[in-house]
Amino acid sequence: MAIVALVLLFLAFRWNNFALPLVRDEGEYAYSAHLLKDNRLPYEDAFLQKPPMIVYAYALAYAIAPSAFWAPRILAHICVALSLAALWWIARLEFGTRVAWPTVWIALPMVTLPALEQFTANTEMFMLLPLLLATFGYVLLRKNSREVWAWLLAGSFGAAAFWFKYTALPILLVLFGGMAIQTLMRHIDRARVTGSSIQLLKCAGVVLRGCILALAGAALATTAIIIPFLWRDGGKHLWECTVQFNRLYAASATFSGESFWICVGPMLAQWWIIFLLPLGLFHHWRRRDAFWVIMFLAGWLGTGGSVYGHYYIPLLPFWALLSACGISKAADLGRRWFSWPGRWTRCVLTAAAFCLISRSHLPWISISPDEFAARRYAGLPFIEAQPAGKIVAQITKPSDTVYVAGSEPEILFYAHRRCATRFVIAYPLTLPSPVAFGYQREAITAFESNKPAVVIFVQNATSWLLQKETPNLFMPFLQKALETEYQRCDGFVPGVGGGVWKAQLDDSEAPNASLIIFQRKKL
C-alpha cells in the first residue's frame with residue numbers, strides 16, 4: 001500500500017510539467033546530444049560546461065523516443081524513482097525498515113516537488129542514481145564480506161556520478177574514505193575475535209587492495225565515458241570547457257555566501273522541520289552515524305554556495321536519511337518516557353515532516369500544464385522558443401547554420417540546425433574572465449566563416465554582453481552585422497495572455513519583443 005501511495009504521489013508531482021518546453025540547460029544538453037547523432041562532439045562543436053554523461057543520458061532518451069522533445073524528462077524521472085528505491089534499500093540495510101520508509105517519504109517531496117527546479121531533466125536528477133548505487137557499495141561492504149564487488153561497484157558507479165557533474169567529488173571522497181576505514185576496522189576486529197596479532201601492514205594491504213579495485217572500476221567506467229574525446233583531441237576541449245572555464249565560473253558571484261542564503265533561506269523557512277529532526281541523532285550516538293553526517297556535510301560542500309537550487313539535490317537523500325534516523329530516535333524516546341507506540345509515533349512524525357515540506361508546493365499539482373508553464377516560466381523565453389525553432393526550420397535549409405544571440409540553445413534543438421559558432425550559450429563570452437576577450441574573437445571569426453542564415457536575438461542578451469567588466473568586442477560586431485547583412489522578420493511580443501508572434505516587426509514593436517528573428521539578406 002505504501003508503494004502504491006508513493007507511486008501515485010510521484011505521478012501527481014509530474015503530470016502537469018513533464019511535457020513543458022525545455023529550459024536553457026535542457027536545450028544545451030539536447031543540442032549536444034543531437035551533435036552526437038551527427039558524428040560531432042560537444043566541447044569542440046558546442047561549448048558545454050558539464051561533463052559528458054548528461055549528453056549520453058539525453059542521447060539515450062532521444063534514441064528511445066526521437067520525436068518527443070521531453071523524453072529526457074521521462075528518463076530523469078525513471079532515474080529518480082530508481083534512486084528512491086536504492087535509498088530505501090540503503091536505509092533498510094543500515095538502519096532497518098523503521099528508518100527506510102520514513103526516509104523515502106521525506107525524500108520524495110524534497111526531490112520531486114514540482115515548484116522546485118527538480119521538475120527539469122537537470123544533471124543532478126540523473127546523477128542521483130549512480131551516486132546512490134556507489135553509496136550502496138559502502139553498505140554492501142559493511143554487511144558482508146564481498147569486498148571485491150563492493151569496491152568495484154563503488155568505483156564504477158562513483159565514476160559515472162563524477163562524469164555527470166564534478167560536484168559529486170566531495171561526497172565520493174568521503175564515501176571511499178569511509179570504505180577504507182570500514183575495511184581497516186573490520187580486519188582489526190576480526191583479528192581481535194580470533195585472538196591473532198594485529199598486523200598493520202597486512203591491514204594496510206587489504207585497504208590498498210580495495211582502493212586498487214575501486215580505481216580499476218573507475219578507470220574502466222571513465223575510459224568508456226571519455227574515450228571519444230580522448231580520441232578526437234586528447235581531451236583538450238573537454239578540459240577547457242569543464243575544468244578551466246568552470247574554475248572561472250566557480251569564482252563568480254553565482255557562488256558566494258549571499259547566493260547560498262538565497263537558496264537556503266527559503267529552505268529554512270519552509271523545511272524547518274528537517275533542520276531539527278537530524279538533531280535526534282545525538283541521542284545514543286553511534287559510530288556509524290558519523291559517516292552519514294559527514295556524507296551530508298560533503299553534499300553541502302559540493303554545492304559551492306550556488307545560487308541555483310539544483311546544486312543542492314545530491315545532499316537531499318542523505319538529509320532525508322538523517323531526518324528519518326531522528327524520527328526513529330524521537331519515537332524511541334516517546335516510547336520510553338510516555339509509553340507512546342513507537343510505530344504510530346514514527347508515522348505521525350513522518351506525516352508531519354511530509355506535510356510541512358510539501359504544503360507550499362502542493363497547489364502546483366492541481367493547475368493545468370499551460371498555467372504551470374505561465375507561472376514557472378514568467379519572464380523567461382522558454383515558451384516562445386519552441387515556435388521560434390519551428391519558424392527557423394521553415395525559413396532555413398538543413399545545411400544552413402543559425403546563431404542565437406543569447407543563451408537559448410533550445411531554439412537550435414527545436415530547429416535541428418547547427419550553430420554558426422561553438423558558443424551556443426552566452427556565458428563564455430560575457431562572464432568577466434581572462435578568457436572572455438579570446439572567446440569573443442573566436443566567436444567573431446566563426447560567425448564570419450559560417451555566415452548564419454538566421455540570427456535569433458534574445459533581447460536580454462544585450463545586458464549580458466555589455467557587462468561593465470566584459471570586453472565589448474562581440475556585441476558591436478553583431479549589431480553591425482544585423483544592420484548591414486540581415487533583415488528583421490518575425491518576433492515575439494509578450495503581453496496579456498502570454499504574448500503573440502508577429503511577422504515583420506515594425507520599429508515600434510521591436511523594443512518590446514523578447515525574441516527577434518533576423519534573416520540574412522539575399523544577394
# chains A, B, ... in the order shown; residues from 1 in each chain; ligands from 1
>>> closest_atom_pairs(of="range 240-329 of chain A", to="range 354-361 of chain A", cutoff="12 Å", atoms="only C-alpha atoms", output="Markdown table")
| residue | atom | partner | partner_atom | distance |
| --- | --- | --- | --- | --- |
| A:Pro266 | CA | A:Ser360 | CA | 10.9 |
| A:Met267 | CA | A:Ile357 | CA | 9.0 |
| A:Leu268 | CA | A:Ile357 | CA | 10.4 |
| A:Ala269 | CA | A:Ile357 | CA | 10.0 |
| A:Gln270 | CA | A:Ile357 | CA | 6.4 |
| A:Trp271 | CA | A:Ile357 | CA | 5.2 |
| A:Trp272 | CA | A:Leu356 | CA | 8.3 |
| A:Ile273 | CA | A:Leu356 | CA | 7.3 |
| A:Ile274 | CA | A:Ile357 | CA | 8.3 |
| A:Phe275 | CA | A:Ile357 | CA | 11.2 |
| A:Ala320 | CA | A:Phe354 | CA | 10.6 |
| A:Ser323 | CA | A:Phe354 | CA | 11.2 |
| A:Ala324 | CA | A:Phe354 | CA | 11.2 |
>>> select_by_dssp(residues="range 248-442 of chain A", states="alpha helix (DSSP H)", output="MDAnalysis selection string")
chainID A and resid 248:250 257:270 272:276 287:303 316:338 342:358 369:376 382:395 410:415 427:430 436:442
>>> closest_atom_pairs(of="range 353-464 of chain A", to="range 6-14 of chain A", cutoff="10 Å", atoms="only C-alpha atoms", output="Markdown table")
| residue | atom | partner | partner_atom | distance |
| --- | --- | --- | --- | --- |
| A:His361 | CA | A:Phe13 | CA | 9.4 |
| A:Leu362 | CA | A:Phe13 | CA | 8.3 |
| A:Trp364 | CA | A:Phe13 | CA | 8.2 |
| A:Ile365 | CA | A:Phe13 | CA | 5.9 |
| A:Ser366 | CA | A:Ala12 | CA | 8.7 |
>>> write_last_selection(atoms="all heavy atoms", output="compact mmCIF listing (two decimals), in the first residue's frame")
# COMPACT_ATOMS: atom_id res chain seq x y z
N HIS A 361 3.97 23.76 -1.82
CA HIS A 361 4.12 23.38 -3.22
C HIS A 361 2.95 22.57 -3.75
O HIS A 361 2.78 22.45 -4.96
CB HIS A 361 5.40 22.55 -3.40
CG HIS A 361 6.64 23.28 -3.00
ND1 HIS A 361 7.37 24.03 -3.89
CD2 HIS A 361 7.28 23.39 -1.81
CE1 HIS A 361 8.42 24.57 -3.27
NE2 HIS A 361 8.37 24.19 -2.01
N LEU A 362 2.13 22.01 -2.87
CA LEU A 362 1.03 21.16 -3.31
C LEU A 362 0.04 21.86 -4.24
O LEU A 362 -0.50 21.21 -5.14
CB LEU A 362 0.30 20.59 -2.09
CG LEU A 362 1.08 19.53 -1.30
CD1 LEU A 362 0.27 19.06 -0.10
CD2 LEU A 362 1.44 18.34 -2.18
N TRP A 364 0.56 23.48 -6.75
CA TRP A 364 1.04 23.39 -8.13
C TRP A 364 0.51 22.15 -8.83
O TRP A 364 0.42 22.12 -10.06
CB TRP A 364 2.57 23.37 -8.15
CG TRP A 364 3.18 24.69 -7.86
CD1 TRP A 364 3.43 25.23 -6.63
CD2 TRP A 364 3.64 25.67 -8.81
NE1 TRP A 364 4.01 26.47 -6.75
CE2 TRP A 364 4.15 26.76 -8.07
CE3 TRP A 364 3.66 25.72 -10.19
CZ2 TRP A 364 4.68 27.89 -8.69
CZ3 TRP A 364 4.19 26.84 -10.82
CH2 TRP A 364 4.69 27.91 -10.06
N ILE A 365 0.17 21.10 -8.09
CA ILE A 365 -0.23 19.85 -8.75
C ILE A 365 -1.66 19.90 -9.28
O ILE A 365 -2.06 19.02 -10.04
CB ILE A 365 -0.07 18.64 -7.81
CG1 ILE A 365 -1.11 18.66 -6.68
CG2 ILE A 365 1.33 18.55 -7.26
CD1 ILE A 365 -1.06 17.44 -5.81
N SER A 366 -2.43 20.92 -8.92
CA SER A 366 -3.83 20.99 -9.36
C SER A 366 -4.03 21.91 -10.57
O SER A 366 -5.14 21.99 -11.09
CB SER A 366 -4.72 21.48 -8.21
OG SER A 366 -4.33 22.79 -7.80
>>> closest_residue(among="A:His310, A:Lys521, A:His284, A:Lys50", to="Phe119 in chain A", atoms="only C-alpha atoms")
A:His310
>>> residues_around(residues="Pro21 in chain A", least_positions_apart="6", cutoff="12 Å", atoms="only C-alpha atoms", output="ChimeraX atom specification")
/A:27,68-73,119-121,369-370,372-374,376-377,380-389,408,410-411,413-414
>>> residues_around(residues="Pro278 in chain A", least_positions_apart="4", cutoff="12 Å", atoms="only C-alpha atoms", output="PyMOL selection string")
chain A and resi 103+272-274+282-283+285+289-290+292-293+296+318-330+353
>>> residues_around(residues="Lys451 in chain A", least_positions_apart="3", cutoff="7 Å", atoms="only C-alpha atoms", output="number ranges by chain")
A: 420, 447-448
>>> residues_around(residues="Thr167 in chain A", least_positions_apart="2", cutoff="10 Å", atoms="only C-alpha atoms", output="number ranges by chain")
A: 124, 161-165, 169-172, 298-304, 311-312, 314
>>> residues_around(residues="Ala218 in chain A", least_positions_apart="2", cutoff="6 Å", atoms="only C-alpha atoms", output="ChimeraX atom specification")
/A:155-156,159,215-216,220-222
>>> closest_residue(among="A:Gly280, A:Gly235, A:Gly305, A:Pro363", to="Ser256 in chain A", atoms="only C-alpha atoms")
A:Gly305
>>> closest_residue(among="A:Leu238, A:Leu141, A:Met53, A:Leu473", to="Ala436 in chain A", atoms="only C-alpha atoms")
A:Leu473
>>> select_by_dssp(residues="range 263-421 of chain A", states="strand (DSSP E)", output="list in words")
Thr401, Val402, Tyr403, Val404, Ala405, Arg418 and Cys419 of chain A
>>> closest_residue(among="A:Pro341, A:Pro398, A:Pro428, A:Pro102", to="Phe47 in chain A", atoms="only C-alpha atoms")
A:Pro428
>>> decode(residues="range 157-195 of chain A", atoms="N, CA and C atoms", output="mmCIF file, in the first residue's frame")
data_model
loop_
_atom_site.group_PDB
_atom_site.id
_atom_site.type_symbol
_atom_site.label_atom_id
_atom_site.label_comp_id
_atom_site.auth_asym_id
_atom_site.auth_seq_id
_atom_site.Cartn_x
_atom_site.Cartn_y
_atom_site.Cartn_z
ATOM 1 N N PHE A 157 30.366 3.063 -10.335
ATOM 2 C CA PHE A 157 29.233 3.990 -10.266
ATOM 3 C C PHE A 157 29.659 5.362 -9.743
ATOM 4 N N GLY A 158 30.678 5.382 -8.897
ATOM 5 C CA GLY A 158 31.211 6.667 -8.455
ATOM 6 C C GLY A 158 31.783 7.459 -9.622
ATOM 7 N N ALA A 159 32.468 6.775 -10.538
ATOM 8 C CA ALA A 159 32.992 7.452 -11.730
ATOM 9 C C ALA A 159 31.862 7.978 -12.603
ATOM 10 N N ALA A 160 30.789 7.187 -12.732
ATOM 11 C CA ALA A 160 29.647 7.647 -13.528
ATOM 12 C C ALA A 160 29.037 8.908 -12.931
ATOM 13 N N ALA A 161 28.898 8.930 -11.595
ATOM 14 C CA ALA A 161 28.367 10.132 -10.932
ATOM 15 C C ALA A 161 29.290 11.323 -11.152
ATOM 16 N N PHE A 162 30.580 11.107 -11.045
ATOM 17 C CA PHE A 162 31.566 12.166 -11.243
ATOM 18 C C PHE A 162 31.471 12.754 -12.644
ATOM 19 N N TRP A 163 31.265 11.901 -13.650
ATOM 20 C CA TRP A 163 31.212 12.372 -15.026
ATOM 21 C C TRP A 163 29.848 12.931 -15.405
ATOM 22 N N PHE A 164 28.894 12.887 -14.458
ATOM 23 C CA PHE A 164 27.682 13.690 -14.618
ATOM 24 C C PHE A 164 27.954 15.116 -14.172
ATOM 25 N N LYS A 165 28.641 15.239 -13.031
ATOM 26 C CA LYS A 165 28.975 16.570 -12.545
ATOM 27 C C LYS A 165 30.069 16.441 -11.500
ATOM 28 N N TYR A 166 31.075 17.293 -11.608
ATOM 29 C CA TYR A 166 32.223 17.204 -10.715
ATOM 30 C C TYR A 166 31.873 17.545 -9.272
ATOM 31 N N THR A 167 30.708 18.152 -9.038
ATOM 32 C CA THR A 167 30.308 18.496 -7.667
ATOM 33 C C THR A 167 30.064 17.257 -6.814
ATOM 34 N N ALA A 168 30.021 16.071 -7.426
ATOM 35 C CA ALA A 168 29.887 14.833 -6.657
ATOM 36 C C ALA A 168 31.173 14.464 -5.936
ATOM 37 N N LEU A 169 32.283 15.116 -6.287
ATOM 38 C CA LEU A 169 33.587 14.712 -5.765
ATOM 39 C C LEU A 169 33.677 14.722 -4.234
ATOM 40 N N PRO A 170 33.219 15.764 -3.520
ATOM 41 C CA PRO A 170 33.317 15.716 -2.046
ATOM 42 C C PRO A 170 32.606 14.510 -1.440
ATOM 43 N N ILE A 171 31.416 14.184 -1.946
ATOM 44 C CA ILE A 171 30.689 13.023 -1.430
ATOM 45 C C ILE A 171 31.457 11.747 -1.731
ATOM 46 N N LEU A 172 32.017 11.642 -2.920
ATOM 47 C CA LEU A 172 32.749 10.435 -3.299
ATOM 48 C C LEU A 172 34.013 10.266 -2.469
ATOM 49 N N LEU A 173 34.705 11.357 -2.169
ATOM 50 C CA LEU A 173 35.905 11.257 -1.330
ATOM 51 C C LEU A 173 35.553 10.747 0.071
ATOM 52 N N VAL A 174 34.459 11.256 0.624
ATOM 53 C CA VAL A 174 34.015 10.773 1.937
ATOM 54 C C VAL A 174 33.603 9.310 1.843
ATOM 55 N N LEU A 175 32.919 8.953 0.762
ATOM 56 C CA LEU A 175 32.476 7.566 0.580
ATOM 57 C C LEU A 175 33.653 6.603 0.582
ATOM 58 N N PHE A 176 34.676 6.895 -0.220
ATOM 59 C CA PHE A 176 35.811 5.978 -0.302
ATOM 60 C C PHE A 176 36.657 6.027 0.971
ATOM 61 N N GLY A 177 36.719 7.190 1.615
ATOM 62 C CA GLY A 177 37.386 7.247 2.908
ATOM 63 C C GLY A 177 36.668 6.396 3.931
ATOM 64 N N GLY A 178 35.331 6.441 3.933
ATOM 65 C CA GLY A 178 34.555 5.602 4.840
ATOM 66 C C GLY A 178 34.731 4.130 4.555
ATOM 67 N N MET A 179 34.810 3.770 3.278
ATOM 68 C CA MET A 179 35.014 2.365 2.926
ATOM 69 C C MET A 179 36.400 1.884 3.366
ATOM 70 N N ALA A 180 37.396 2.754 3.224
ATOM 71 C CA ALA A 180 38.752 2.374 3.661
ATOM 72 C C ALA A 180 38.792 2.158 5.170
ATOM 73 N N ILE A 181 38.183 3.078 5.915
ATOM 74 C CA ILE A 181 38.148 2.940 7.377
ATOM 75 C C ILE A 181 37.359 1.702 7.775
ATOM 76 N N GLN A 182 36.228 1.463 7.101
ATOM 77 C CA GLN A 182 35.401 0.296 7.409
ATOM 78 C C GLN A 182 36.176 -0.993 7.162
ATOM 79 N N THR A 183 36.899 -1.056 6.060
ATOM 80 C CA THR A 183 37.700 -2.242 5.754
ATOM 81 C C THR A 183 38.789 -2.451 6.800
ATOM 82 N N LEU A 184 39.448 -1.366 7.176
ATOM 83 C CA LEU A 184 40.502 -1.457 8.178
ATOM 84 C C LEU A 184 39.956 -1.929 9.520
ATOM 85 N N MET A 185 38.847 -1.343 9.966
ATOM 86 C CA MET A 185 38.270 -1.708 11.253
ATOM 87 C C MET A 185 37.769 -3.146 11.243
ATOM 88 N N ARG A 186 37.230 -3.592 10.115
ATOM 89 C CA ARG A 186 36.741 -4.968 10.052
ATOM 90 C C ARG A 186 37.868 -5.961 10.276
ATOM 91 N N HIS A 187 39.005 -5.721 9.639
ATOM 92 C CA HIS A 187 40.112 -6.674 9.770
ATOM 93 C C HIS A 187 40.759 -6.574 11.151
ATOM 94 N N ILE A 188 40.752 -5.399 11.742
ATOM 95 C CA ILE A 188 41.258 -5.276 13.110
ATOM 96 C C ILE A 188 40.335 -6.013 14.077
ATOM 97 N N ASP A 189 39.022 -5.827 13.924
ATOM 98 C CA ASP A 189 38.061 -6.524 14.784
ATOM 99 C C ASP A 189 38.140 -8.029 14.591
ATOM 100 N N ARG A 190 38.349 -8.473 13.354
ATOM 101 C CA ARG A 190 38.454 -9.905 13.076
ATOM 102 C C ARG A 190 39.685 -10.488 13.759
ATOM 103 N N ALA A 191 40.769 -9.731 13.754
ATOM 104 C CA ALA A 191 41.987 -10.205 14.416
ATOM 105 C C ALA A 191 41.774 -10.312 15.920
ATOM 106 N N ARG A 192 41.039 -9.371 16.484
ATOM 107 C CA ARG A 192 40.771 -9.426 17.930
ATOM 108 C C ARG A 192 39.898 -10.613 18.298
ATOM 109 N N VAL A 193 38.893 -10.915 17.466
ATOM 110 C CA VAL A 193 37.996 -12.043 17.757
ATOM 111 C C VAL A 193 38.735 -13.360 17.677
ATOM 112 N N THR A 194 39.586 -13.501 16.694
ATOM 113 C CA THR A 194 40.316 -14.762 16.526
ATOM 114 C C THR A 194 41.516 -14.864 17.463
ATOM 115 N N GLY A 195 41.856 -13.759 18.123
ATOM 116 C CA GLY A 195 42.980 -13.784 19.038
ATOM 117 C C GLY A 195 44.328 -13.686 18.371
#
